[in-house]
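K.L.:
Handing you a structure now.
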Amino acid sequence: MRLSKYLFFTAKEVPADTELISHKLMLKAGLVRPVASGLYAFLPIGYRVLNKIISIVKEEMDRIGAQQLLLPFVQPAELWKKTGRWDEYGQELLRFQDRKGSWFVLSPTHEELITRLAGDILTSYRKLPVVVYQIQIKFRDEPRPRGGVIRSREFWMKDAYSFCQDDEQMGKIYKEMQSAYERIFSRCGLSYKVVEAESGPIGGDVSHEFISLAPNGEDRIVECDSCGYSAKLERARSRVKMESKEREKALEEVNTPDVKTVDEVANFLNIPLAKILKTVVYQTERGLLGVVVRGDHQVNEDKLKKLVKLEELNLAPDELIYENIGVEVGFVGPVGVDNWCLVVDEAVMQGRNFVAGANKKDTHFINVNPGRDFSPEIIGDIRYVLPGDECPVCGASLKVKRGIEIGHLFKLGDRYSSKLGAFFLDQKGKKHPLIMGCYGIGISRLPAAIIEQNNDKDGIIWPREVAPFDCVVIPAGDEVFDFSREVYLNLKDSPIEVVWDDRDVSAGVKFKDSDLVGIPFKVIVGRTFLKEGKIEIKKRGSGEIIKASKKDLTAKLMELIQDGE
RNA sequence: CGGGGCGUGGCGCAGUCUGGUUUAGCGCGCUUGCUUUGGGAGCAAGAGGUCGUCGGUUCAAAUCCGACCGCCCCGACCA
């Protein structure tokens, strides 16, 4: 490839409001270009990287016997109505009508389609298990696309689906898929974590996410260095520290004029946040819910929803609270209220002598004791884990880290197959729903995730397997231009992927551009060649220079590329 | 859903508050020529803009007012 003829450009400036390094570098290096909110064009260099990633994914999927297929990007609404997701999926599902007025959706995912297909074809236990996958575009009408290709509306995804007779078969495939993912992400040069996850709108019980570690990532995970426990923050648990058993003191009112927030109360009474009870009032389909957590904790609504088994859960508006509790927000507490369902976090139950709102203007109670002063209807884990909490498995101190979700595994069970009538017959001729799993990889966000972990002040440093090219031949000086062409043509005949920077610009520009784009090796033909007859190979990451004669160049490079892990 | 910001050649920005010397500037990139050429070169000459759209105010609008469209950022309820 001659660079002078390649659709290639680099930019010195990118919009001032781009935050992420990967976003900046992808724009600067000319990998992608924004087209509209959450829509990106992949230019040739960027598309090469994407294809490298796709090849790795294909190889590893094929290795575990998954079969590639292609489903349509546009799906009829009917299927989505059958599974209920036409209503459940919300505004992220982009819907439109064809000329006849029939409704369709742009696929945000493909469970419905693949399940119906499987139901038509996989009618016998003899064919099971089967794993299929596809690599194609998805569309989710995100409320706020951000971070370049990390959260875009249109994106590439690898989605695989497994169909099994029973949970045991399913479990085996789930494990195989997990190790395939581990190989894929390692080959991409990523440092990642596997964590327990929530399944969200896809549904299902067991779910794991692969998180690429990145300080700016939008997902937060909890992990234990000591035993290896790790989970998404939303579902992470922690052990409740046993409080020293203080003696229960007598309940007392204190005057707290205009002291409303937990922070204000802590300051005003000069006590730690953990000694305050935070009472949050929710509105649900079955009336008001009083939710109590410690002042230093936050209510985890996902956990709360699961615990109380309610669908609708919204913070109650101020007026509604005033009407029902008779006090303004800020002085609400659990003591003496009976027209709500009281849900209390387990950590609260371990404590003694708390401060809480007294349900009276400008007044708090001190020495509030759970059990004595109020009786919860439901007790459970409804809080977010905090850094330093004790690991639920081994008790060591937990850490909270950030990252980017790059892969997700779900055990779906029969959620889709039952609703869509995807059944098979067992040995005895008995009908069962197919037991399903689904497994995604965010293909088009992977370049960004990789760049987040592999860059320096000069630009991108691609790991070997995903680099757009292995090397670039750089002529440094007019006298060597013709010879550099020879060098290029020689390399082109080898398996090495080479590009020749034949542009009429100074050598400095070529070096800078090569560094920015992240080509692993520069093959420099210049003054060293004129002086010593040697060609230089310069490594992108370390800057190390290896000299080779024209004769040895290809072999030397092949060797370096192989070692370049 | 709430708050904030932005829209000026391909890209990044200034100019808008205080309307009129602005023929609408600057940097990057682009074209041509000469000199350069191992880490984003210099000089010279050029091309390229209905100042997001529509409407209003005014003798006069990139600048003031209104509506719309597009884009970006922050927050999403913790009492």
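Ordered as shown in the structure tokens, chains take letters A, B, and onward, while each chain numbers its residues from 1 and ligands are numbered from 1 in the order shown.
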Please determine the contact residues of chain B with respect to chain A at a cut-off of 6 Å, counting only C-alpha atoms (C1' of nucleotides), and supply them as a PyMOL selection string.
P.N.:
chain B and resi 12+37+39-40+79
K.L.:
Those selected residues, please, written with N, CA and C atoms (P, O5', C5', C4', C3', O3' and C1' of nucleotides) and delivered as an mmCIF file, in the first residue's frame.
P.N.:
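Full text of out_29.cif as output:
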data_model
loop_
_atom_site.group_PDB
_atom_site.id
_atom_site.type_symbol
_atom_site.label_atom_id
_atom_site.label_comp_id
_atom_site.auth_asym_id
_atom_site.auth_seq_id
_atom_site.Cartn_x
_atom_site.Cartn_y
_atom_site.Cartn_z
ATOM 1 P P G B 12 -14.062 20.825 13.964
ATOM 2 O "O5'" G B 12 -12.877 21.643 14.638
ATOM 3 C "C5'" G B 12 -11.953 20.983 15.486
ATOM 4 C "C4'" G B 12 -10.940 21.966 15.999
ATOM 5 C "C3'" G B 12 -11.533 23.200 16.660
ATOM 6 O "O3'" G B 12 -11.933 22.941 17.982
ATOM 7 C "C1'" G B 12 -9.813 23.844 15.179
ATOM 8 P P U B 37 18.245 20.087 3.927
ATOM 9 O "O5'" U B 37 17.219 19.014 4.515
ATOM 10 C "C5'" U B 37 16.502 19.310 5.723
ATOM 11 C "C4'" U B 37 15.381 18.292 5.862
ATOM 12 C "C3'" U B 37 15.906 16.862 5.786
ATOM 13 O "O3'" U B 37 15.387 16.084 6.846
ATOM 14 C "C1'" U B 37 14.182 17.231 4.165
ATOM 15 P P G B 39 15.140 15.209 13.047
ATOM 16 O "O5'" G B 39 13.739 14.732 12.405
ATOM 17 C "C5'" G B 39 12.708 15.697 12.171
ATOM 18 C "C4'" G B 39 11.567 15.459 13.158
ATOM 19 C "C3'" G B 39 11.816 15.961 14.584
ATOM 20 O "O3'" G B 39 10.615 16.551 15.062
ATOM 21 C "C1'" G B 39 11.182 13.695 14.623
ATOM 22 P P G B 40 10.385 18.103 14.570
ATOM 23 O "O5'" G B 40 9.345 17.865 13.396
ATOM 24 C "C5'" G B 40 8.067 17.411 13.723
ATOM 25 C "C4'" G B 40 7.171 17.605 12.541
ATOM 26 C "C3'" G B 40 6.751 19.059 12.303
ATOM 27 O "O3'" G B 40 6.524 19.141 10.914
ATOM 28 C "C1'" G B 40 4.867 17.725 12.801
ATOM 29 P P A B 79 -28.847 12.970 50.961
ATOM 30 O "O5'" A B 79 -29.848 13.984 51.669
ATOM 31 C "C5'" A B 79 -30.561 13.609 52.754
ATOM 32 C "C4'" A B 79 -31.893 14.265 52.629
ATOM 33 C "C3'" A B 79 -32.881 14.000 53.752
ATOM 34 O "O3'" A B 79 -32.543 14.713 54.935
ATOM 35 C "C1'" A B 79 -33.988 14.122 51.686
#
K.L.:
Region 415-427 of chain A: which residues within 6 Å, counting only C-alpha atoms (C1' of nucleotides), same-chain residues fewer than 2 positions away excluded, as a list of chain:residue names?
P.N.:
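The filter keeps A:Gly119, A:Thr123, A:Ser124, A:Tyr125, A:Gly413, A:Gly429, A:Lys430, A:Lys431, A:His432, A:Pro433, A:Leu434.
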K.L.:
Between B:A41, B:C77, B:C17, B:C64, which one has atoms that come closest to C1 (chain B), using only C-alpha atoms (C1' of nucleotides)?
P.N.:
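That would be B:C77, the residue with the smallest distance to C1 (chain B).
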K.L.:
Please identify all polymer residues within 9 Å of Ala197 (chain A), counting only C-alpha atoms (C1' of nucleotides), omitting same-chain residues fewer than 6 positions from it, and present them as a ChimeraX atom specification.
P.N.:
/A:206-209,231-236,408-409
K.L.:
Suppose we keep N, CA, C and O atoms; can you now write the selection as a CSV table (one decimal), in the first residue's frame?
P.N.:
chain,number,residue,atom,x,y,z
A,206,VAL,N,-28.2,-16.0,35.4
A,206,VAL,CA,-26.8,-15.9,35.6
A,206,VAL,C,-26.2,-15.1,34.5
A,206,VAL,O,-26.6,-15.2,33.3
A,207,SER,N,-25.3,-14.2,34.9
A,207,SER,CA,-24.7,-13.3,33.9
A,207,SER,C,-23.3,-12.9,34.3
A,207,SER,O,-23.1,-12.6,35.5
A,208,HIS,N,-22.4,-12.8,33.4
A,208,HIS,CA,-21.1,-12.3,33.7
A,208,HIS,C,-20.7,-11.3,32.6
A,208,HIS,O,-21.1,-11.4,31.5
A,209,GLU,N,-20.0,-10.3,33.1
A,209,GLU,CA,-19.5,-9.3,32.1
A,209,GLU,C,-18.0,-9.3,32.1
A,209,GLU,O,-17.3,-9.6,33.1
A,231,ALA,N,-17.6,-8.2,41.0
A,231,ALA,CA,-19.0,-8.0,40.5
A,231,ALA,C,-19.2,-6.6,40.0
A,231,ALA,O,-18.5,-5.6,40.4
A,232,LYS,N,-20.2,-6.4,39.2
A,232,LYS,CA,-20.6,-5.0,38.8
A,232,LYS,C,-21.1,-4.3,40.1
A,232,LYS,O,-21.7,-5.0,41.0
A,233,LEU,N,-20.9,-3.0,40.2
A,233,LEU,CA,-21.3,-2.3,41.4
A,233,LEU,C,-22.8,-2.5,41.7
A,233,LEU,O,-23.1,-2.7,42.8
A,234,GLU,N,-23.6,-2.6,40.6
A,234,GLU,CA,-25.0,-2.7,40.8
A,234,GLU,C,-25.4,-3.9,41.6
A,234,GLU,O,-26.5,-3.9,42.3
A,235,ARG,N,-24.7,-5.0,41.5
A,235,ARG,CA,-25.1,-6.2,42.1
A,235,ARG,C,-24.1,-6.7,43.2
A,235,ARG,O,-24.3,-7.7,43.9
A,236,ALA,N,-23.0,-5.9,43.4
A,236,ALA,CA,-22.0,-6.4,44.3
A,236,ALA,C,-22.6,-6.4,45.8
A,236,ALA,O,-23.4,-5.5,46.1
A,408,HIS,N,-20.3,-9.8,27.3
A,408,HIS,CA,-21.4,-10.1,28.3
A,408,HIS,C,-21.9,-11.5,28.0
A,408,HIS,O,-22.1,-11.8,26.9
A,409,LEU,N,-22.0,-12.3,29.1
A,409,LEU,CA,-22.5,-13.7,28.9
A,409,LEU,C,-23.8,-13.7,29.7
A,409,LEU,O,-23.9,-13.3,30.8
K.L.:
According to DSSP computed on the backbone, where in region 400-453 of chain A is there strand (DSSP E)? Give the residues as a list in words.
P.N.:
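Restricting region 400-453 of chain A to strand (DSSP E) produces Val400, Lys401, Arg402, Gly403, Ile404, Glu405, Ile406, Gly407, His408, Leu409, Phe410, Lys411, Leu412, Gly413, Phe423, Phe424, Leu425, Lys431, His432, Pro433, Ile435, Met436, Gly437, Cys438, Tyr439, Gly440 and Ile441 of chain A.
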K.L.:
Would you please give, as a ChimeraX atom specification, all residues of region 348-430 of chain A that DSSP assigns to alpha helix (DSSP H) based on the backbone?
P.N.:
/A:348-349,415-420
K.L.:
Considering only C-alpha atoms (C1' of nucleotides), return as a ChimeraX atom specification whatever protein or nucleic-acid residues lie within 12 Å of C30 (chain B), sequence-local ones (same chain, fewer than 3 positions apart) excluded.
P.N.:
/B:9-11,46-48
